[in-house]
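Okay, my_file25.cif now, which holds mmCIF, C-alpha atoms, pLDDT in the B column; chains and numbers go by the auth columns:
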```cif
data_entry
loop_
_atom_site.group_PDB
_atom_site.id
_atom_site.type_symbol
_atom_site.label_atom_id
_atom_site.label_comp_id
_atom_site.label_asym_id
_atom_site.label_seq_id
_atom_site.Cartn_x
_atom_site.Cartn_y
_atom_site.Cartn_z
_atom_site.B_iso_or_equiv
_atom_site.auth_seq_id
_atom_site.auth_asym_id
ATOM 1 C CA MET A 1 -5.422 -7.588 7.856 70.00 1 A
ATOM 2 C CA ARG A 2 -4.945 -10.900 6.090 82.00 2 A
ATOM 3 C CA ASP A 3 -3.486 -11.460 2.642 86.00 3 A
ATOM 4 C CA LEU A 4 -5.738 -12.256 -0.288 89.00 4 A
ATOM 5 C CA THR A 5 -6.213 -15.895 -1.153 95.00 5 A
ATOM 6 C CA THR A 6 -5.298 -17.059 -4.657 96.00 6 A
ATOM 7 C CA ASP A 7 -8.969 -17.045 -5.691 97.00 7 A
ATOM 8 C CA GLU A 8 -9.539 -13.584 -4.213 96.00 8 A
ATOM 9 C CA ARG A 9 -6.437 -12.265 -5.976 95.00 9 A
ATOM 10 C CA GLN A 10 -7.656 -13.664 -9.313 97.00 10 A
ATOM 11 C CA GLU A 11 -11.120 -12.171 -8.785 97.00 11 A
ATOM 12 C CA LEU A 12 -9.681 -8.773 -7.881 96.00 12 A
ATOM 13 C CA ARG A 13 -7.371 -8.921 -10.913 95.00 13 A
ATOM 14 C CA ARG A 14 -10.364 -9.739 -13.147 96.00 14 A
ATOM 15 C CA GLN A 15 -12.380 -6.851 -11.710 97.00 15 A
ATOM 16 C CA LEU A 16 -9.486 -4.405 -12.079 95.00 16 A
ATOM 17 C CA ALA A 17 -8.940 -5.498 -15.694 93.00 17 A
ATOM 18 C CA ALA A 18 -12.637 -4.902 -16.393 94.00 18 A
ATOM 19 C CA VAL A 19 -12.443 -1.430 -14.826 95.00 19 A
ATOM 20 C CA ALA A 20 -9.302 -0.621 -16.829 94.00 20 A
ATOM 21 C CA MET A 21 -10.971 -1.750 -20.080 93.00 21 A
ATOM 22 C CA ASP A 22 -14.094 0.262 -19.260 93.00 22 A
ATOM 23 C CA TRP A 23 -11.998 3.405 -18.704 92.00 23 A
ATOM 24 C CA ALA A 24 -9.963 2.676 -21.840 92.00 24 A
ATOM 25 C CA GLN A 25 -13.196 2.609 -23.829 90.00 25 A
ATOM 26 C CA ARG A 26 -14.339 5.864 -22.225 90.00 26 A
ATOM 27 C CA LEU A 27 -11.050 7.633 -22.891 86.00 27 A
ATOM 28 C CA ALA A 28 -10.321 6.294 -26.385 82.00 28 A
ATOM 29 C CA GLY A 29 -13.841 6.136 -27.747 77.00 29 A
ATOM 30 C CA SER A 30 -16.232 3.316 -28.437 63.00 30 A
ATOM 31 C CA ASP A 31 -14.019 1.791 -31.175 60.00 31 A
ATOM 32 C CA VAL A 32 -11.742 0.295 -28.493 60.00 32 A
ATOM 33 C CA ASP A 33 -12.933 -3.220 -27.719 59.00 33 A
ATOM 34 C CA ALA A 34 -10.630 -6.225 -27.930 54.00 34 A
ATOM 35 C CA ARG A 35 -13.417 -8.720 -27.256 56.00 35 A
ATOM 36 C CA GLY A 36 -15.564 -8.074 -30.297 53.00 36 A
ATOM 37 C CA SER A 37 -19.051 -9.445 -30.727 54.00 37 A
ATOM 38 C CA ALA A 38 -20.463 -12.764 -31.896 50.00 38 A
ATOM 39 C CA ASP A 39 -20.799 -11.636 -35.525 58.00 39 A
ATOM 40 C CA HIS A 40 -17.755 -9.357 -35.758 70.00 40 A
ATOM 41 C CA GLU A 41 -14.178 -10.212 -34.883 80.00 41 A
ATOM 42 C CA PRO A 42 -11.984 -7.104 -34.391 79.00 42 A
ATOM 43 C CA SER A 43 -8.810 -6.819 -36.446 86.00 43 A
ATOM 44 C CA TYR A 44 -5.355 -7.282 -34.953 89.00 44 A
ATOM 45 C CA GLU A 45 -4.848 -3.520 -35.131 90.00 45 A
ATOM 46 C CA ALA A 46 -8.102 -2.894 -33.241 86.00 46 A
ATOM 47 C CA LYS A 47 -7.081 -5.459 -30.604 88.00 47 A
ATOM 48 C CA MET A 48 -3.664 -3.814 -30.288 90.00 48 A
ATOM 49 C CA ARG A 49 -5.246 -0.350 -29.832 90.00 49 A
ATOM 50 C CA ALA A 50 -7.615 -1.773 -27.234 88.00 50 A
ATOM 51 C CA HIS A 51 -4.818 -3.345 -25.220 90.00 51 A
ATOM 52 C CA LEU A 52 -2.664 -0.213 -25.461 93.00 52 A
ATOM 53 C CA ALA A 53 -5.602 1.879 -24.255 93.00 53 A
ATOM 54 C CA CYS A 54 -6.136 -0.609 -21.408 92.00 54 A
ATOM 55 C CA MET A 55 -2.453 -0.278 -20.474 94.00 55 A
ATOM 56 C CA THR A 56 -2.782 3.512 -20.408 94.00 56 A
ATOM 57 C CA ALA A 57 -5.867 3.341 -18.192 94.00 57 A
ATOM 58 C CA GLY A 58 -4.193 0.754 -15.945 94.00 58 A
ATOM 59 C CA GLU A 59 -1.112 2.929 -15.509 96.00 59 A
ATOM 60 C CA GLN A 60 -3.283 5.886 -14.540 95.00 60 A
ATOM 61 C CA MET A 61 -5.131 3.632 -12.091 96.00 61 A
ATOM 62 C CA ARG A 62 -1.777 2.595 -10.586 96.00 62 A
ATOM 63 C CA HIS A 63 -0.890 6.225 -9.904 96.00 63 A
ATOM 64 C CA LEU A 64 -4.313 6.879 -8.392 96.00 64 A
ATOM 65 C CA LEU A 65 -4.039 3.790 -6.181 95.00 65 A
ATOM 66 C CA ALA A 66 -0.632 5.010 -4.969 95.00 66 A
ATOM 67 C CA ASP A 67 -2.354 8.259 -3.965 96.00 67 A
ATOM 68 C CA VAL A 68 -5.006 6.261 -2.090 96.00 68 A
ATOM 69 C CA VAL A 69 -2.304 4.302 -0.224 95.00 69 A
ATOM 70 C CA ALA A 70 -0.417 7.508 0.670 94.00 70 A
ATOM 71 C CA ALA A 71 -3.609 9.150 1.939 95.00 71 A
ATOM 72 C CA GLY A 72 -4.340 6.039 4.000 95.00 72 A
ATOM 73 C CA ALA A 73 -0.858 6.235 5.526 95.00 73 A
ATOM 74 C CA GLU A 74 -1.381 9.891 6.459 94.00 74 A
ATOM 75 C CA GLU A 75 -4.735 9.103 8.065 94.00 75 A
ATOM 76 C CA ALA A 76 -3.316 6.105 9.949 93.00 76 A
ATOM 77 C CA VAL A 77 -0.534 8.318 11.330 92.00 77 A
ATOM 78 C CA ARG A 78 -3.108 10.880 12.390 91.00 78 A
ATOM 79 C CA TYR A 79 -4.698 8.156 14.525 91.00 79 A
ATOM 80 C CA GLY A 80 -1.438 7.019 16.087 89.00 80 A
ATOM 81 C CA ALA A 81 0.200 4.562 13.687 91.00 81 A
ATOM 82 C CA GLY A 82 3.963 4.489 13.448 91.00 82 A
ATOM 83 C CA TYR A 83 6.378 3.181 10.838 93.00 83 A
ATOM 84 C CA PRO A 84 6.164 -0.424 12.124 93.00 84 A
ATOM 85 C CA GLN A 85 2.386 -0.464 11.607 93.00 85 A
ATOM 86 C CA LEU A 86 2.635 1.259 8.202 94.00 86 A
ATOM 87 C CA GLY A 87 5.223 -1.268 7.066 94.00 87 A
ATOM 88 C CA ALA A 88 3.132 -4.200 8.275 93.00 88 A
ATOM 89 C CA ALA A 89 0.083 -2.852 6.417 94.00 89 A
ATOM 90 C CA ILE A 90 1.914 -2.948 3.084 93.00 90 A
ATOM 91 C CA GLY A 91 3.946 -6.084 3.774 92.00 91 A
ATOM 92 C CA ALA A 92 7.222 -4.235 4.263 93.00 92 A
ATOM 93 C CA SER A 93 9.632 -3.394 7.057 94.00 93 A
ATOM 94 C CA ARG A 94 9.587 -0.343 9.302 93.00 94 A
ATOM 95 C CA GLN A 95 12.627 0.942 7.436 94.00 95 A
ATOM 96 C CA ALA A 96 10.916 0.530 4.052 95.00 96 A
ATOM 97 C CA ALA A 97 7.878 2.445 5.324 94.00 97 A
ATOM 98 C CA ARG A 98 10.114 5.220 6.610 93.00 98 A
ATOM 99 C CA LYS A 99 11.876 5.411 3.241 95.00 99 A
ATOM 100 C CA ARG A 100 8.535 5.459 1.392 94.00 100 A
ATOM 101 C CA TRP A 101 6.960 8.142 3.596 93.00 101 A
ATOM 102 C CA PRO A 102 9.877 10.085 5.102 92.00 102 A
ATOM 103 C CA ASN A 103 7.941 13.263 5.894 91.00 103 A
ATOM 104 C CA LEU A 104 4.991 11.891 7.841 89.00 104 A
ATOM 105 C CA PRO A 105 4.531 13.581 11.225 85.00 105 A
ATOM 106 C CA ILE A 106 5.080 10.437 13.296 80.00 106 A
ATOM 107 C CA LEU A 107 5.494 11.143 16.980 69.00 107 A
ATOM 108 C CA LYS A 108 8.638 9.708 18.411 63.00 108 A
ATOM 109 C CA ARG A 109 8.128 7.907 21.697 56.00 109 A
ATOM 110 C CA ARG A 110 10.459 8.872 24.490 52.00 110 A
ATOM 111 C CA ALA A 111 12.091 6.242 26.639 49.00 111 A
ATOM 112 C CA SER A 112 10.023 7.522 29.589 53.00 112 A
ATOM 113 C CA ASP A 113 6.852 6.614 27.639 54.00 113 A
ATOM 114 C CA TRP A 114 7.903 3.009 27.181 52.00 114 A
ATOM 115 C CA LYS A 115 6.361 0.413 29.400 59.00 115 A
ATOM 116 C CA GLN A 116 8.642 -0.224 32.338 58.00 116 A
ATOM 117 C CA PRO A 117 8.853 -3.479 34.260 58.00 117 A
ATOM 118 C CA PRO A 118 7.625 -3.612 37.831 58.00 118 A
ATOM 119 C CA GLY A 119 10.189 -2.316 40.258 57.00 119 A
ATOM 120 C CA GLY A 120 11.106 1.004 38.725 55.00 120 A
ATOM 121 C CA ILE A 121 13.418 2.397 36.127 56.00 121 A
ATOM 122 C CA GLY A 122 15.414 0.024 33.998 54.00 122 A
ATOM 123 C CA TRP A 123 15.472 -3.705 34.056 53.00 123 A
ATOM 124 C CA ALA A 124 17.522 -3.969 37.240 53.00 124 A
ATOM 125 C CA GLY A 125 15.298 -1.781 39.396 52.00 125 A
ATOM 126 C CA GLU A 126 17.364 0.212 41.874 55.00 126 A
ATOM 127 C CA SER A 127 20.970 -0.099 40.925 56.00 127 A
ATOM 128 C CA HIS A 128 23.945 1.354 42.612 57.00 128 A
ATOM 129 C CA LEU A 129 27.524 1.433 41.562 60.00 129 A
ATOM 130 C CA GLY A 130 30.222 1.047 44.133 62.00 130 A
ATOM 131 C CA TYR A 131 32.656 -1.328 45.670 65.00 131 A
ATOM 132 C CA PRO A 132 31.375 -4.522 47.188 66.00 132 A
ATOM 133 C CA GLY A 133 30.618 -4.145 50.856 66.00 133 A
ATOM 134 C CA THR A 134 30.113 -0.356 50.717 63.00 134 A
ATOM 135 C CA ALA A 135 26.781 1.306 51.118 57.00 135 A
#
```
For this file, write the structure as structure tokens.
Amino acid sequence: MRDLTTDERQELRRQLAAVAMDWAQRLAGSDVDARGSADHEPSYEAKMRAHLACMTAGEQMRHLLADVVAAGAEEAVRYGAGYPQLGAAIGASRQAARKRWPNLPILKRRASDWKQPPGGIGWAGESHLGYPGTA
């Protein structure tokens, strides 16, 4: 998946702020609105309450989004993803993904499952240890 462009990031930020303000109004009551109307400008105290309510809603959204990401990681693992893929999906390393989700049931691949080069086991094919000139 690609990263968001600057314009996409700004649009997503605007949409998330609108959702947070909507939930702040739902949770705190209709008196929470920092924007005001054309004929009525809210007081500084009303603006402060609105922004504090928006912060509260945003923080709850952050926790819910973390749950969505964790559920996505569990589902991806169910379909065969490993720590390298999980890390890449969140823009982090394999080690960071393993630290973030240490208890995911990720199947460990055995060396025998790895793709081997033509010619047999190992990179040297048939190898034999002995003195030069002996069979």
Practice problem: Quick one: apply the PyMOL selection byres ((chain A and resi 105) around 12) to the file and drop the selected residues here as a list in words. | Solution: Ala73, Glu74, Glu75, Ala76, Val77, Arg78, Tyr79, Gly80, Ala81, Gly82, Tyr83, Arg98, Trp101, Pro102, Asn103, Leu104, Ile106, Leu107 and Lys108 of chain A
Can you spit out the residues from that selection as a PDB file, in the frame of the given file, using C-alpha atoms?
```pdb
ATOM      1  CA  ALA A  73      -0.858   6.235   5.526  1.00 95.00           C
ATOM      2  CA  GLU A  74      -1.381   9.891   6.459  1.00 94.00           C
ATOM      3  CA  GLU A  75      -4.735   9.103   8.065  1.00 94.00           C
ATOM      4  CA  ALA A  76      -3.316   6.105   9.949  1.00 93.00           C
ATOM      5  CA  VAL A  77      -0.534   8.318  11.330  1.00 92.00           C
ATOM      6  CA  ARG A  78      -3.108  10.880  12.390  1.00 91.00           C
ATOM      7  CA  TYR A  79      -4.698   8.156  14.525  1.00 91.00           C
ATOM      8  CA  GLY A  80      -1.438   7.019  16.087  1.00 89.00           C
ATOM      9  CA  ALA A  81       0.200   4.562  13.687  1.00 91.00           C
ATOM     10  CA  GLY A  82       3.963   4.489  13.448  1.00 91.00           C
ATOM     11  CA  TYR A  83       6.378   3.181  10.838  1.00 93.00           C
ATOM     12  CA  ARG A  98      10.114   5.220   6.610  1.00 93.00           C
ATOM     13  CA  TRP A 101       6.960   8.142   3.596  1.00 93.00           C
ATOM     14  CA  PRO A 102       9.877  10.085   5.102  1.00 92.00           C
ATOM     15  CA  ASN A 103       7.941  13.263   5.894  1.00 91.00           C
ATOM     16  CA  LEU A 104       4.991  11.891   7.841  1.00 89.00           C
ATOM     17  CA  ILE A 106       5.080  10.437  13.296  1.00 80.00           C
ATOM     18  CA  LEU A 107       5.494  11.143  16.980  1.00 69.00           C
ATOM     19  CA  LYS A 108       8.638   9.708  18.411  1.00 63.00           C
TER      20      LYS A 108
END
```
Quiz item: Using only C-alpha atoms, which of A:Val68, A:Gln85, A:Arg62, A:Met55 sits nearest A:Met21?
Solution: A:Met55
Quiz prompt | Which residue of A:Ala28, A:Ala70, A:Ala88, A:Met1 approaches A:Arg100 most closely, using only C-alpha atoms | solution =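 Checking each candidate against A:Arg100, we get A:Ala70 as the closest.
You will find atom CA of A:Pro84 at 17.1 Å from atom CA of A:Ala71.
Here atom CA of A:Leu4 and atom CA of A:Arg26 stand 29.7 Å from one another.
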Quiz item: Looking at A:Pro42, A:Met48, A:Ile90, A:Leu16, which one is nearest to A:Arg2, with distances taken over all atoms listed in the file?
Solution: A:Ile90
Exercise. For atom CA of A:Leu12 and atom CA of A:Ala97, quote the distance in Å rounded to one decimal.
Key: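 Interatomic distance here is 24.7 Å.
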